[in-house]
>>> print(open('run04.cif').read())   # mmCIF, C-alpha atoms and all ligand atoms
data_work
#
loop_
_atom_site.label_atom_id
_atom_site.label_comp_id
_atom_site.auth_asym_id
_atom_site.auth_seq_id
_atom_site.Cartn_x
_atom_site.Cartn_y
_atom_site.Cartn_z
CA MET D 9 26.13 -15.13 63.57
CA ARG D 10 24.73 -12.54 61.21
CA VAL D 11 23.55 -13.61 57.77
CA LEU D 12 23.42 -11.31 54.75
CA VAL D 13 20.88 -11.78 51.97
CA THR D 14 21.52 -9.51 49.01
CA ALA D 15 20.19 -9.60 45.46
CA ALA D 16 20.25 -7.36 42.38
CA SER D 17 16.91 -6.61 40.77
CA ARG D 18 15.74 -4.32 37.98
CA HIS D 19 11.97 -4.56 38.32
CA GLY D 20 11.55 -5.78 41.90
CA ALA D 21 10.79 -9.50 41.46
CA THR D 22 14.21 -10.63 42.69
CA THR D 23 14.16 -8.22 45.63
CA GLU D 24 10.93 -9.91 46.72
CA ILE D 25 12.67 -13.31 46.48
CA ALA D 26 15.50 -11.98 48.68
CA ASP D 27 12.89 -10.71 51.17
CA ALA D 28 11.21 -14.14 51.27
CA ILE D 29 14.58 -15.85 51.82
CA GLY D 30 15.32 -13.40 54.64
CA ARG D 31 11.93 -13.98 56.29
CA THR D 32 12.36 -17.76 56.12
CA LEU D 33 15.92 -17.64 57.47
CA ARG D 34 14.70 -15.63 60.45
CA GLU D 35 12.64 -18.66 61.50
CA SER D 36 15.87 -20.44 62.47
CA LEU D 37 18.48 -17.67 62.77
CA PRO D 38 18.29 -14.57 64.94
CA ALA D 39 20.19 -12.02 62.82
CA VAL D 40 19.40 -11.80 59.13
CA ASP D 41 19.85 -8.64 57.07
CA VAL D 42 18.36 -8.20 53.60
CA ARG D 43 20.10 -5.41 51.68
CA ASP D 44 20.60 -4.18 48.14
CA PRO D 45 24.05 -5.11 46.79
CA GLU D 46 24.85 -1.40 46.22
CA ALA D 47 24.39 -0.82 49.96
CA VAL D 48 26.86 -3.52 50.94
CA THR D 49 30.23 -1.94 51.51
CA ALA D 50 31.82 -4.59 53.70
CA LEU D 51 31.05 -8.10 54.85
CA ASP D 52 32.41 -7.47 58.34
CA GLY D 53 30.47 -9.43 60.87
CA TYR D 54 28.55 -11.61 58.42
CA GLY D 55 29.06 -15.31 58.96
CA ALA D 56 27.21 -16.39 55.82
CA VAL D 57 25.97 -14.76 52.62
CA VAL D 58 23.13 -15.49 50.20
CA LEU D 59 23.82 -13.57 46.98
CA GLY D 60 21.49 -13.44 44.01
CA SER D 61 20.57 -11.60 40.86
CA ALA D 62 17.94 -11.32 38.21
CA VAL D 63 19.24 -12.56 34.85
CA TYR D 64 19.12 -10.26 31.82
CA MET D 65 20.36 -11.42 28.44
CA GLY D 66 22.15 -14.32 30.04
CA ARG D 67 23.98 -12.27 32.65
CA TRP D 68 23.69 -11.27 36.27
CA LEU D 69 23.03 -7.58 36.88
CA GLU D 70 26.02 -5.34 37.45
CA PRO D 71 25.53 -4.62 41.19
CA ALA D 72 25.59 -8.35 42.04
CA ARG D 73 28.55 -9.04 39.75
CA GLN D 74 30.42 -6.08 41.23
CA LEU D 75 29.73 -7.14 44.79
CA ALA D 76 31.02 -10.64 44.07
CA GLU D 77 34.15 -9.16 42.53
CA ARG D 78 34.70 -6.47 45.16
CA ARG D 79 34.21 -8.81 48.10
CA ARG D 80 35.56 -12.03 46.63
CA ALA D 81 38.27 -12.42 49.31
CA ASP D 82 35.69 -11.96 52.09
CA LEU D 83 33.22 -14.31 50.42
CA LEU D 84 35.85 -17.04 50.38
CA LEU D 85 35.92 -16.92 54.18
CA VAL D 86 32.24 -17.68 54.77
CA PRO D 87 29.65 -20.12 53.43
CA VAL D 88 27.99 -18.60 50.36
CA TRP D 89 24.80 -19.60 48.55
CA LEU D 90 24.00 -18.12 45.14
CA PHE D 91 20.72 -17.82 43.30
CA SER D 92 19.61 -16.52 39.95
CA SER D 93 16.12 -15.54 38.99
CA GLY D 94 15.01 -15.23 35.41
CA PRO D 95 13.48 -18.12 33.54
CA VAL D 96 9.82 -17.54 32.70
CA GLY D 97 7.03 -19.68 31.31
CA ASP D 98 5.86 -23.20 31.99
CA PRO D 99 8.29 -24.92 31.85
CA PRO D 100 10.53 -21.98 32.79
CA LEU D 101 12.96 -21.06 30.00
CA PRO D 102 15.84 -20.63 29.34
CA ALA D 103 16.77 -23.79 31.22
CA GLU D 104 20.55 -23.21 31.16
CA GLU D 105 22.21 -21.45 34.06
CA PRO D 106 24.03 -18.24 33.12
CA PRO D 107 27.60 -19.27 32.15
CA GLU D 108 29.24 -16.57 34.27
CA VAL D 109 27.51 -17.90 37.36
CA ALA D 110 29.19 -21.29 36.95
CA ASP D 111 32.49 -19.37 37.11
CA LEU D 112 31.29 -17.45 40.13
CA VAL D 113 30.38 -20.65 41.96
CA ARG D 114 34.02 -21.69 41.62
CA GLU D 115 35.45 -18.26 42.41
CA VAL D 116 33.66 -17.87 45.72
CA GLU D 117 33.49 -21.62 46.43
CA ALA D 118 29.71 -21.38 46.75
CA ARG D 119 27.85 -24.20 48.49
CA GLU D 120 25.20 -24.14 45.82
CA HIS D 121 23.67 -22.16 43.00
CA ARG D 122 19.92 -22.31 42.46
CA VAL D 123 17.92 -20.93 39.55
CA PHE D 124 14.40 -19.78 40.39
CA ALA D 125 11.72 -18.86 37.88
CA GLY D 126 11.02 -15.13 37.71
CA ARG D 127 8.33 -12.62 36.84
CA LEU D 128 7.92 -10.86 33.53
CA GLU D 129 5.26 -8.20 33.10
CA ARG D 130 5.42 -6.12 29.97
CA ARG D 131 3.58 -3.21 31.61
CA ARG D 132 6.57 -2.76 33.95
CA LEU D 133 9.10 -2.62 31.10
CA GLY D 134 10.44 0.20 28.98
CA LEU D 135 10.12 0.14 25.20
CA THR D 136 13.52 -1.42 24.52
CA GLU D 137 12.93 -4.20 27.02
CA ARG D 138 9.47 -4.87 25.60
CA LEU D 139 10.94 -5.24 22.13
CA MET D 140 13.58 -7.59 23.47
CA VAL D 141 11.14 -9.89 25.26
CA SER D 142 8.88 -9.92 22.21
CA ALA D 143 11.85 -10.96 20.07
CA LEU D 144 12.61 -13.70 22.60
CA ARG D 145 8.89 -14.68 22.62
CA ALA D 146 9.04 -14.66 26.42
CA PRO D 147 5.60 -15.02 28.07
CA ASP D 148 4.17 -12.59 30.61
CA GLY D 149 3.49 -13.82 34.11
CA ASP D 150 4.69 -14.32 37.65
CA PHE D 151 6.32 -17.75 37.72
CA ARG D 152 8.02 -17.43 41.10
CA ASP D 153 7.60 -20.62 43.09
CA TRP D 154 7.37 -19.44 46.69
CA PRO D 155 7.26 -22.90 48.33
CA GLN D 156 10.40 -23.87 46.39
CA ILE D 157 12.16 -20.65 47.42
CA GLU D 158 11.15 -21.08 51.06
CA GLU D 159 12.24 -24.72 51.07
CA TRP D 160 15.68 -23.70 49.83
CA ALA D 161 15.96 -20.96 52.44
CA ARG D 162 14.82 -23.35 55.16
CA ALA D 163 17.56 -25.83 54.19
CA ILE D 164 20.15 -23.04 54.40
CA GLY D 165 18.78 -22.01 57.80
CA THR D 166 18.96 -25.57 59.09
CA ASP D 167 22.51 -25.96 57.83
CA LEU D 168 23.66 -22.71 59.45
CA ALA D 169 21.78 -23.26 62.70
CA SER D 170 23.39 -26.69 63.09
CA ARG D 171 26.86 -25.18 62.70
CA HIS D 172 26.16 -22.46 65.24
CA PRO D 173 23.66 -23.87 67.72
CA THR D 174 22.13 -21.24 69.96
CA ARG D 175 22.90 -21.56 73.62
CA ALA D 176 19.26 -21.14 74.65
CA GLY D 177 18.33 -23.65 77.31
CA HIS D 178 21.92 -24.61 78.14
C1 LIG R 1 14.97 -7.61 28.41
C2 LIG R 1 14.91 -8.85 29.26
C3 LIG R 1 15.84 -9.85 29.09
C4 LIG R 1 15.79 -11.01 29.88
N1 LIG R 1 16.74 -11.98 29.70
C5 LIG R 1 16.69 -13.11 30.47
C6 LIG R 1 17.66 -14.14 30.31
O1 LIG R 1 18.58 -14.04 29.50
N2 LIG R 1 17.56 -15.25 31.08
C7 LIG R 1 16.56 -15.39 32.00
O2 LIG R 1 16.50 -16.41 32.66
N3 LIG R 1 15.63 -14.41 32.18
C8 LIG R 1 15.67 -13.30 31.43
N4 LIG R 1 14.73 -12.30 31.62
C9 LIG R 1 13.68 -12.48 32.63
C10 LIG R 1 13.99 -11.76 33.94
O3 LIG R 1 15.17 -12.21 34.49
C11 LIG R 1 12.84 -12.03 34.90
O4 LIG R 1 11.74 -11.33 34.43
C12 LIG R 1 13.18 -11.63 36.33
O5 LIG R 1 12.25 -12.20 37.23
C13 LIG R 1 13.21 -10.12 36.51
O6 LIG R 1 13.65 -9.83 37.82
P1 LIG R 1 13.59 -8.36 38.43
O7 LIG R 1 12.14 -7.94 38.46
O8 LIG R 1 14.16 -8.53 39.79
O9 LIG R 1 14.42 -7.46 37.56
C14 LIG R 1 14.77 -11.15 30.85
C15 LIG R 1 13.82 -10.12 31.02
C16 LIG R 1 13.88 -8.98 30.24
C17 LIG R 1 12.86 -7.90 30.45
#
>>> encode(input="run04.cif", output="structure tokens", more="lines below")
Ligand SMILES: Cc1cc2nc3c(=O)[nH]c(=O)nc-3n(C[C@H](O)[C@H](O)[C@H](O)COP(=O)(O)O)c2cc1C
Amino acid sequence: MRVLVTAASRHGATTEIADAIGRTLRESLPAVDVRDPEAVTALDGYGAVVLGSAVYMGRWLEPARQLAERRRADLLLVPVWLFSSGPVGDPPLPAEEPPEVADLVREVEAREHRVFAGRLERRRLGLTERLMVSALRAPDGDFRDWPQIEEWARAIGTDLASRHPTRAGH
């Protein structure tokens, strides 16, 4: 079974989370692809999907939203896990999950939706974004919790591997 990990990112932090999920899944599953949502034209051949996005102004980024919309019928046929990455600070804020994602969980019958803390570095941002984060009083820093991300991915890997045990040794 092939697994697709795909996540929308504006400044790279969420792509790195998708990469970490992919690396961890490969510990228990042989075929894991990590791809940008724009590069995903069809879900043919994928037996499970992990779909994520960075959150900006309370919303997922367009490429992830579009992929979910475009491929909704296909997503309904396979187990899907969703993640969002955005909250920053200690404790990470905002604490609420993006409202649209609650809808998406229902629409694609996702197994789970997890919110992971993100990374905010003003030096990476354009002027408009800098003004926005200053208005929101959002703190700079990399708040990504790698052990938490890897633990989640490991649980997904265990779940999928138990559904499709490899034939090795039999
Ligand atoms: C202009 C701006 C708006 C943001 N709005 C939100 C938000 O509404 N909710 C949230 O959780 N994070 C918000 N964030 C934080 C980002 O989601 C976080 O920095 C994320 O890790 C960025 O991921 P990326 O590097 O993959 O784009 C915002 C960041 C910026 C720069």
>>> closest_residue(input="run04.cif", among="D:Gly60, D:Pro99, D:Gly134, D:Gly20", to="ligand LIG 1 (chain R)", atoms="all atoms listed in the file")
D:Gly20
>>> residues_near_ligand(input="run04.cif", ligand="ligand LIG 1 (chain R)", cutoff="6 Å", atoms="all atoms listed in the file", output="PDB file with C-alpha atoms, in the coordinates of the input")
ATOM      1  CA  SER D  17      16.910  -6.610  40.770  1.00  0.00           C
ATOM      2  CA  ARG D  18      15.740  -4.320  37.980  1.00  0.00           C
ATOM      3  CA  HIS D  19      11.970  -4.560  38.320  1.00  0.00           C
ATOM      4  CA  GLY D  20      11.550  -5.780  41.900  1.00  0.00           C
ATOM      5  CA  ALA D  21      10.790  -9.500  41.460  1.00  0.00           C
ATOM      6  CA  THR D  22      14.210 -10.630  42.690  1.00  0.00           C
ATOM      7  CA  THR D  23      14.160  -8.220  45.630  1.00  0.00           C
ATOM      8  CA  ALA D  62      17.940 -11.320  38.210  1.00  0.00           C
ATOM      9  CA  VAL D  63      19.240 -12.560  34.850  1.00  0.00           C
ATOM     10  CA  TYR D  64      19.120 -10.260  31.820  1.00  0.00           C
ATOM     11  CA  MET D  65      20.360 -11.420  28.440  1.00  0.00           C
ATOM     12  CA  GLY D  66      22.150 -14.320  30.040  1.00  0.00           C
ATOM     13  CA  SER D  93      16.120 -15.540  38.990  1.00  0.00           C
ATOM     14  CA  GLY D  94      15.010 -15.230  35.410  1.00  0.00           C
ATOM     15  CA  PRO D  95      13.480 -18.120  33.540  1.00  0.00           C
ATOM     16  CA  PRO D 102      15.840 -20.630  29.340  1.00  0.00           C
ATOM     17  CA  GLY D 126      11.020 -15.130  37.710  1.00  0.00           C
ATOM     18  CA  ARG D 127       8.330 -12.620  36.840  1.00  0.00           C
ATOM     19  CA  LEU D 128       7.920 -10.860  33.530  1.00  0.00           C
ATOM     20  CA  GLU D 137      12.930  -4.200  27.020  1.00  0.00           C
ATOM     21  CA  MET D 140      13.580  -7.590  23.470  1.00  0.00           C
ATOM     22  CA  VAL D 141      11.140  -9.890  25.260  1.00  0.00           C
TER      23      VAL D 141
END
>>> closest_residue(input="run04.cif", among="D:Trp68, D:Val13, D:Gly97, D:Arg119", to="Leu144 in chain D", atoms="only C-alpha atoms")
D:Gly97
>>> closest_residue(input="run04.cif", among="D:Thr136, D:Thr49, D:Ser36, D:Thr166", to="Arg78 in chain D", atoms="only C-alpha atoms")
D:Thr49
>>> closest_residue(input="run04.cif", among="D:Ala56, D:Ile29, D:Val42, D:Val96", to="Leu168 in chain D", atoms="only C-alpha atoms")
D:Ala56
>>> residues_around(input="run04.cif", residues="Asp44 in chain D", least_positions_apart="4", cutoff="7 Å", atoms="all atoms listed in the file", output="list in words")
Thr14, Ala15, Ala16 and Val48 of chain D
